[in-house]
Amino acid sequence: SQTIHQWPATLVQPVGSPLSLECTVEGTSNPNLYWYRQAAGRGLQLLFYSVGIGQISSEVPQNLSASRPQDRQFILSSKKLLLSDSGFYLCACISAYNEQFFGPGTRLTVL
Amino acid sequence: AQKITQTQPGMFVQEKEAVTLDCTYDTSDPSYGLFWYKQPSSGEMIFLIYQGSYDQQNATEGRYSLNFQKARKSANLVISASQLGDSAMYFCAMREGPTNAGKSTFGDGTTLTVKP
C-alpha cells in the first residue's frame with residue numbers, strides 16, 4: 001500500500017520569505033498527486049494536482065506554485081509568503097482501489 | 001453552489017450510542033464516488049468508507065455505514081456503538097466522473113464529541 005511522506009511537519013516563516021514543501025510517495029508508480037490546504041476548522045481546498053512528471057494543474061489562483069520533478073515527488077513552493085498562506089497543507093494520492101491516501105501534513109504559520 | 005454540504009458544525013453523542021453525520025451533495029455527473037474521512041486532532045486524514053454512485057447496496061466498514069439516498073443526494077455516515085476515540089472532525093467528500101483526474105471536493109466538516 002502507498003505511504004506518503006511530507007516534511008517538515010511544522011514550519012513558521014516570516015511574510016515575504018520563500019517556501020518549499022516536499023511530498024514523496026512510496027508503494028506505487030505513476031500516481032495522481034494532489035496538494036490540499038486546510039484553513040483552521042474548515043474543509044480541504046484543492047490547490048494543485050498532477051497526473052504525471054512535469055504536469056501541473058492549478059485549481060485556484062494564488063501565491064503558490066507546484067512542481068513534479070520525479071514520478072513520486074511533488075513540491076509546493078512560493079517565492080514570497082503572504083499571511084493568508086498560513087494553513088495545514090496535505091499531500092495526497094489515489095490508490096488503484098480508488099482510495100485517496102493523505103500524508104501527515106505540514107502546518108505552516110506565516111508571521 | 002457548494003457541492004458538498006455538511007450542516008452540522010458540531011455533534012455530541014453518548015458513548016456506546018449511534019450517531020448520524022449528515023452530508024448532501026450536488027452533481028450532474030452520473031458517475032461519482034462519495035467518501036468519508038476522520039481527522040483527529042493530530043491532523044492526519046483517515047479514510048473511513050466509500051460509496052460509488054452505481055453501488056446498489058449501502059457501504060459498510062465495521063462500525064461505519066453509509067446511508068446512501070441517491071434521489072435525495074445524501075450520503076450520511078452512521079457510526080454505531082460510539083467510542084471515546086471517535087471524537088474527531090469528520091469530512092464528507094465527492095469525486096466526480098472518470099475524467100476528473102481524481103479531484104475531490106470536501107465539505108466543511110462536522111466535529112464529533114463522544115461523551116463518557
# chains A, B, ... in the order shown; residues from 1 in each chain; ligands from 1
>>> interface_residues(of="chain B", to="chain A", cutoff="7 Å", atoms="only C-alpha atoms", output="MDAnalysis selection string")
chainID B and resid 44:45 106:109
>>> residues_around(residues="B:Ser31", least_positions_apart="2", cutoff="7 Å", atoms="only C-alpha atoms", output="MDAnalysis selection string")
chainID B and resid 29 53 96:97
>>> residues_around(residues="A:Asn63", least_positions_apart="2", cutoff="9 Å", atoms="only C-alpha atoms", output="short mmCIF file (atom, residue, chain, number, x, y, z; two decimals) with C-alpha atoms, in the first residue's frame")
data_model
loop_
_atom_site.label_atom_id
_atom_site.label_comp_id
_atom_site.auth_asym_id
_atom_site.auth_seq_id
_atom_site.Cartn_x
_atom_site.Cartn_y
_atom_site.Cartn_z
CA PRO A 61 -5.29 31.46 -8.38
CA SER A 65 3.22 27.03 -7.33
CA SER A 77 6.60 26.42 -3.42
CA SER A 78 6.27 30.13 -3.01
CA LYS A 79 8.70 32.94 -3.77
CA LYS A 80 7.18 35.30 -1.19
CA LEU A 81 4.80 34.08 1.50
CA LEU A 82 1.70 36.01 2.50
CA ASP A 85 -0.79 31.29 3.09
#
>>> atom_distance(atom1="atom CA of B:Phe35", atom2="atom CA of A:Gln62")
27.1 Å
>>> atom_distance(atom1="atom CA of B:Tyr37", atom2="atom CA of A:Ile53")
28.1 Å
>>> atom_distance(atom1="atom CA of B:Ser82", atom2="atom CA of B:Val19")
7.4 Å
>>> closest_residue(among="B:Ile4, B:Leu21, B:Ala101, B:Val114", to="B:Ser65", atoms="only C-alpha atoms")
B:Leu21
>>> closest_residue(among="A:Thr28, A:Gln13, A:Gln6, A:Ser20", to="A:Arg72", atoms="only C-alpha atoms")
A:Thr28
>>> closest_residue(among="B:Asn58, B:Ser87, B:Met11, B:Lys103", to="B:Ser74", atoms="only C-alpha atoms")
B:Asn58
